[in-house]
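Novice: Before I ask anything, here is the structure I am working with.
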Amino acid sequence: MVTRGLIIGRFQPPHRGHIEICKKIMSEVDELVVGIGSAQESHTLENPFTAGERILMLTRSLADEGIDLSKVHLIPIPDVNNNAIWVTHVVSLSPPFHIVYSGNPLVRRLFKETGFETKKPPMIKRKEYWGTEIRDRMIKGKNWQELIPKAVVGVMQEIKGIDRMKDLSKTDYLLR
Ligand code: ATP
Ligand code: MG
């Protein structure tokens, strides 16, 4: 039987911590399922990139690590805004999976209550390998490139991601 491990996140954007965890999961199971959460979201400060852009970033980064992409399944998962039915929603969209890896305690609880085996991966350099910190640095023009894989830097250039984020951080409200 093929064993699949699931990791679910928003990947706004994918960073080096995510890629390390994906590699660790691949060393423990046969195949990896990556759930792209809040898939319907884009062009906001919290969720700047579309599901397709995030898939491009992840696919290229995992390929650069020499991971066999025929063993990786990237599945966009839109929000349902209802924790009680969220696991069923994820299952309804994903290939079969057996072990759920998450650093997020709520995610682990929801899958555990539905009968899944869950694992808490070690957090890697969490102060820096952290989406919120990386988005903040991108807007402030501080060095963010070192925190994300080279392939993600390349996609950021292709989609003019920094211009987009700087525009998102502006407003037409009067400052009071
Ligand atoms: P955000 O600040 O936007 O929530 P994030 O860095 O937490 O960004 P997510 O997309 O929320 O990224 O995370 C997806 C999964 O990756 C979660 O299970 C999370 O715990 C895990 N993860 C995130 N950062 C790290 C890290 N540095 N080391 C190990 N796992 C991580
Ligand atoms: Mg998070």
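Following the order of the structure tokens, chains are lettered A, B, ..., residues in each are numbered from 1, and ligands are numbered from 1.
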Write out as a PyMOL selection string the residues lying within 12 Å of Lys170 of chain A, counting only C-alpha atoms and excluding same-chain residues fewer than 6 positions away.
Specialist: chain A and resi 44-45+139+163-164
Novice: Taking the DSSP assignment computed from this structure's backbone, write out as an MDAnalysis selection string all residues of chain A that belong to helix (DSSP H, G or I).
Specialist: chainID A and resid 16:28 51:64 69:71 83:93 105:113 131:140 145:147 150:158 161:168
Novice: Kindly indicate which residue among A:Val107, A:Ala63, A:Val29, A:Val100 lies nearest to ligand 2, using only C-alpha atoms and all ligand atoms for the distances.
Specialist: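 The answer is A:Val107, which sits nearest to ligand 2.
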Novice: At a cut-off of 12 Å, using only C-alpha atoms, what residues contact Phe111 of chain A? Leave out same-chain residues fewer than 2 positions from it and give the result as a PyMOL selection string.
Specialist: chain A and resi 6-8+83-91+97-102+104-109+113-119
Novice: Hey, can you spit out that residue selection with N, CA and C atoms as a compact mmCIF listing (two decimals), in the first residue's frame?
Specialist:
```
# COMPACT_ATOMS: atom_id res chain seq x y z
N LEU A 6 0.06 14.15 4.53
CA LEU A 6 -0.53 15.44 4.15
C LEU A 6 0.09 16.57 4.96
N ILE A 7 0.45 17.65 4.27
CA ILE A 7 0.74 18.90 4.96
C ILE A 7 -0.18 19.96 4.37
N ILE A 8 -0.81 20.73 5.24
CA ILE A 8 -1.73 21.74 4.75
C ILE A 8 -1.32 23.10 5.30
N ASN A 83 -15.01 24.81 11.16
CA ASN A 83 -14.02 23.82 11.59
C ASN A 83 -14.59 22.41 11.69
N ALA A 84 -15.88 22.32 12.07
CA ALA A 84 -16.48 21.00 12.31
C ALA A 84 -16.58 20.17 11.03
N ILE A 85 -16.63 20.82 9.88
CA ILE A 85 -16.73 20.05 8.63
C ILE A 85 -15.49 20.18 7.74
N TRP A 86 -14.48 20.86 8.27
CA TRP A 86 -13.30 21.16 7.44
C TRP A 86 -12.55 19.89 7.02
N VAL A 87 -12.37 18.93 7.95
CA VAL A 87 -11.62 17.72 7.60
C VAL A 87 -12.33 16.95 6.48
N THR A 88 -13.64 16.83 6.58
CA THR A 88 -14.42 16.15 5.53
C THR A 88 -14.22 16.85 4.19
N HIS A 89 -14.19 18.17 4.23
CA HIS A 89 -13.97 18.99 3.04
C HIS A 89 -12.60 18.69 2.42
N VAL A 90 -11.57 18.64 3.27
CA VAL A 90 -10.21 18.34 2.78
C VAL A 90 -10.18 16.94 2.16
N VAL A 91 -10.76 15.96 2.87
CA VAL A 91 -10.79 14.58 2.37
C VAL A 91 -11.51 14.52 1.02
N PHE A 97 -4.96 9.93 1.97
CA PHE A 97 -3.75 10.18 2.78
C PHE A 97 -3.93 9.53 4.15
N HIS A 98 -2.81 9.32 4.84
CA HIS A 98 -2.85 8.50 6.06
C HIS A 98 -2.30 9.20 7.29
N ILE A 99 -1.31 10.06 7.09
CA ILE A 99 -0.69 10.75 8.23
C ILE A 99 -0.75 12.26 7.95
N VAL A 100 -1.16 13.01 8.94
CA VAL A 100 -1.27 14.47 8.78
C VAL A 100 -0.17 15.13 9.61
N TYR A 101 0.64 15.93 8.92
CA TYR A 101 1.74 16.64 9.57
C TYR A 101 1.34 18.10 9.71
N SER A 102 1.37 18.64 10.93
CA SER A 102 1.09 20.06 11.07
C SER A 102 1.70 20.60 12.35
N ASN A 104 0.38 23.27 13.51
CA ASN A 104 -0.77 24.00 14.06
C ASN A 104 -1.62 23.06 14.93
N PRO A 105 -1.73 23.36 16.24
CA PRO A 105 -2.45 22.46 17.15
C PRO A 105 -3.92 22.25 16.77
N LEU A 106 -4.59 23.30 16.26
CA LEU A 106 -6.00 23.15 15.87
C LEU A 106 -6.13 22.17 14.70
N VAL A 107 -5.24 22.29 13.73
CA VAL A 107 -5.27 21.37 12.57
C VAL A 107 -5.07 19.93 13.05
N ARG A 108 -4.09 19.73 13.95
CA ARG A 108 -3.87 18.36 14.46
C ARG A 108 -5.09 17.85 15.20
N ARG A 109 -5.71 18.69 16.03
CA ARG A 109 -6.90 18.28 16.79
C ARG A 109 -8.04 17.87 15.86
N GLU A 113 -9.49 14.05 15.79
CA GLU A 113 -10.88 13.75 16.17
C GLU A 113 -11.59 12.96 15.09
N THR A 114 -11.11 13.06 13.84
CA THR A 114 -11.74 12.33 12.73
C THR A 114 -11.05 10.98 12.52
N GLY A 115 -10.06 10.66 13.36
CA GLY A 115 -9.44 9.34 13.33
C GLY A 115 -8.12 9.24 12.59
N PHE A 116 -7.56 10.38 12.16
CA PHE A 116 -6.28 10.36 11.44
C PHE A 116 -5.11 10.33 12.41
N GLU A 117 -4.02 9.67 11.97
CA GLU A 117 -2.76 9.79 12.69
C GLU A 117 -2.19 11.17 12.41
N THR A 118 -1.74 11.86 13.45
CA THR A 118 -1.16 13.19 13.24
C THR A 118 0.26 13.23 13.81
N LYS A 119 1.09 14.07 13.21
CA LYS A 119 2.45 14.25 13.70
C LYS A 119 2.79 15.73 13.72
```
Novice: Can you pull out the residues contacting Glu28 of chain A? Cut-off 10 Å, using only C-alpha atoms, and skip same-chain residues under 6 positions away; I want them as number ranges by chain.
Specialist: A: 3-5, 99
Novice: Compute the set of protein, DNA and RNA residues whose minimum atom distance to ligand 1 is at most 7 Å, using only C-alpha atoms and all ligand atoms, and state it as a list in words.
Specialist: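 Listed by chain and ascending number, the contacts are Ile7, Ile8, Gly9, Arg10, Phe11, Gln12, Gly17, His18, Ile21, Glu46, Tyr101, Ser102, Gly103, Asn104, Pro121, Pro122, Met123, Ile124, Lys125, Arg126, Tyr129, Trp130, Gly131, Thr132 and Glu133 of chain A.
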Novice: Would you mind exporting the chosen residues as a compact mmCIF listing (two decimals), in the first residue's frame, restricted to C-alpha atoms?
Specialist:
```txt
# COMPACT_ATOMS: atom_id res chain seq x y z
CA ILE A 7 0.74 18.90 4.96
CA ILE A 8 -1.73 21.74 4.75
CA GLY A 9 -0.95 25.44 4.84
CA ARG A 10 -1.53 28.71 3.02
CA PHE A 11 2.07 28.92 1.76
CA GLN A 12 1.94 32.73 1.43
CA GLY A 17 10.95 25.81 6.57
CA HIS A 18 8.12 24.42 4.41
CA ILE A 21 9.34 19.76 6.32
CA GLU A 46 -2.50 38.21 4.45
CA TYR A 101 1.74 16.64 9.57
CA SER A 102 1.09 20.06 11.07
CA GLY A 103 2.68 22.52 13.43
CA ASN A 104 -0.77 24.00 14.06
CA PRO A 121 7.09 18.23 12.75
CA PRO A 122 9.97 20.12 14.40
CA MET A 123 9.80 23.88 13.84
CA ILE A 124 12.83 25.04 11.85
CA LYS A 125 14.22 28.55 12.51
CA ARG A 126 10.65 29.67 13.19
CA TYR A 129 11.05 30.82 8.41
CA TRP A 130 7.60 32.26 9.09
CA GLY A 131 5.19 33.57 6.44
CA THR A 132 4.05 36.55 8.52
CA GLU A 133 7.67 37.72 9.02
```
Novice: Give the answer as one residue: which of A:Pro14, A:Pro76, A:Gly37, A:Pro48 has the shortest atom-to-atom distance to Leu168 of chain A, using only C-alpha atoms?
Specialist: A:Pro48
Novice: Using DSSP on the backbone coordinates, identify all residues within segment 23-119 of chain A classified as strand (DSSP E or B); present the result as an mmCIF file with N, CA and C atoms, in the first residue's frame.
Specialist:
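Output file out.cif is given in full below:
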```
data_model
loop_
_atom_site.group_PDB
_atom_site.id
_atom_site.type_symbol
_atom_site.label_atom_id
_atom_site.label_comp_id
_atom_site.auth_asym_id
_atom_site.auth_seq_id
_atom_site.Cartn_x
_atom_site.Cartn_y
_atom_site.Cartn_z
ATOM 1 N N GLU A 31 4.480 9.076 -0.526
ATOM 2 C CA GLU A 31 4.060 10.223 -1.339
ATOM 3 C C GLU A 31 3.587 11.362 -0.437
ATOM 4 N N LEU A 32 3.651 12.573 -1.026
ATOM 5 C CA LEU A 32 3.317 13.785 -0.273
ATOM 6 C C LEU A 32 2.085 14.458 -0.887
ATOM 7 N N VAL A 33 1.123 14.804 -0.040
ATOM 8 C CA VAL A 33 -0.005 15.624 -0.477
ATOM 9 C C VAL A 33 0.157 16.995 0.178
ATOM 10 N N VAL A 34 0.186 18.039 -0.647
ATOM 11 C CA VAL A 34 0.290 19.400 -0.116
ATOM 12 C C VAL A 34 -1.058 20.084 -0.353
ATOM 13 N N GLY A 35 -1.756 20.381 0.718
ATOM 14 C CA GLY A 35 -3.032 21.101 0.619
ATOM 15 C C GLY A 35 -2.757 22.594 0.649
ATOM 16 N N ILE A 36 -3.205 23.284 -0.411
ATOM 17 C CA ILE A 36 -3.008 24.739 -0.499
ATOM 18 C C ILE A 36 -4.253 25.390 0.097
ATOM 19 N N VAL A 72 4.289 13.820 -5.648
ATOM 20 C CA VAL A 72 3.802 14.998 -4.924
ATOM 21 C C VAL A 72 2.480 15.446 -5.544
ATOM 22 N N HIS A 73 1.484 15.674 -4.710
ATOM 23 C CA HIS A 73 0.155 16.057 -5.193
ATOM 24 C C HIS A 73 -0.228 17.374 -4.527
ATOM 25 N N LEU A 74 -0.356 18.423 -5.348
ATOM 26 C CA LEU A 74 -0.669 19.749 -4.806
ATOM 27 C C LEU A 74 -2.151 20.028 -5.040
ATOM 28 N N ILE A 75 -2.904 20.181 -3.963
ATOM 29 C CA ILE A 75 -4.365 20.267 -4.062
ATOM 30 C C ILE A 75 -4.861 21.592 -3.477
ATOM 31 N N PRO A 76 -5.465 22.459 -4.306
ATOM 32 C CA PRO A 76 -6.036 23.692 -3.756
ATOM 33 C C PRO A 76 -7.262 23.385 -2.876
ATOM 34 N N ILE A 99 -1.306 10.059 7.090
ATOM 35 C CA ILE A 99 -0.688 10.753 8.226
ATOM 36 C C ILE A 99 -0.746 12.255 7.948
ATOM 37 N N VAL A 100 -1.164 13.015 8.943
ATOM 38 C CA VAL A 100 -1.273 14.468 8.782
ATOM 39 C C VAL A 100 -0.173 15.131 9.607
ATOM 40 N N TYR A 101 0.644 15.928 8.922
ATOM 41 C CA TYR A 101 1.741 16.645 9.572
ATOM 42 C C TYR A 101 1.340 18.105 9.707
ATOM 43 N N GLU A 117 -4.022 9.673 11.971
ATOM 44 C CA GLU A 117 -2.764 9.787 12.693
ATOM 45 C C GLU A 117 -2.190 11.175 12.410
ATOM 46 N N THR A 118 -1.737 11.861 13.445
ATOM 47 C CA THR A 118 -1.163 13.194 13.237
ATOM 48 C C THR A 118 0.258 13.229 13.809
ATOM 49 N N LYS A 119 1.087 14.074 13.214
ATOM 50 C CA LYS A 119 2.449 14.254 13.703
ATOM 51 C C LYS A 119 2.787 15.731 13.722
#
```
Novice: With distances taken over only C-alpha atoms and all ligand atoms, which of A:Pro78, A:Asn47, A:Pro96, A:Cys22 is nearest to ligand 2?
Specialist: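 Counting only C-alpha atoms and all ligand atoms, the residue closest to ligand 2 is A:Asn47.
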Novice: For a quick check of understanding, using only C-alpha atoms, which of A:His15, A:Lys127, A:Asn143, A:Asp167 has the smallest distance to Leu62 of chain A?
Specialist: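 Checking each candidate against Leu62 of chain A, we get A:His15 as the closest.
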Novice: Nearest to ligand 2 among A:Ile134, A:Ile77, A:Glu41, A:Ser61, with distances taken over only C-alpha atoms and all ligand atoms: which residue is it?
Specialist: A:Ile134
Novice: I want to know what sits within 10 Å of Lys150 of chain A, based on only C-alpha atoms, with residues of the same chain fewer than 6 positions away left out; could you give that as an MDAnalysis selection string?
Specialist: chainID A and resid 15:16 57 60:61 64 156
Novice: Could you write out that same residue set with C-alpha atoms as a PDB file, in the first residue's frame?
Specialist:
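See out_22.pdb below for the written result:
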```
ATOM      1  CA  HIS A  15       9.614  29.329   2.595  1.00  0.00           C
ATOM      2  CA  ARG A  16      12.657  27.224   3.451  1.00  0.00           C
ATOM      3  CA  MET A  57       6.418  28.316  -6.298  1.00  0.00           C
ATOM      4  CA  ARG A  60       9.698  24.531  -8.712  1.00  0.00           C
ATOM      5  CA  SER A  61      11.160  24.558  -5.181  1.00  0.00           C
ATOM      6  CA  ASP A  64      15.090  21.965  -7.239  1.00  0.00           C
ATOM      7  CA  MET A 156       8.240  36.604  -7.332  1.00  0.00           C
TER       8      MET A 156
END
```
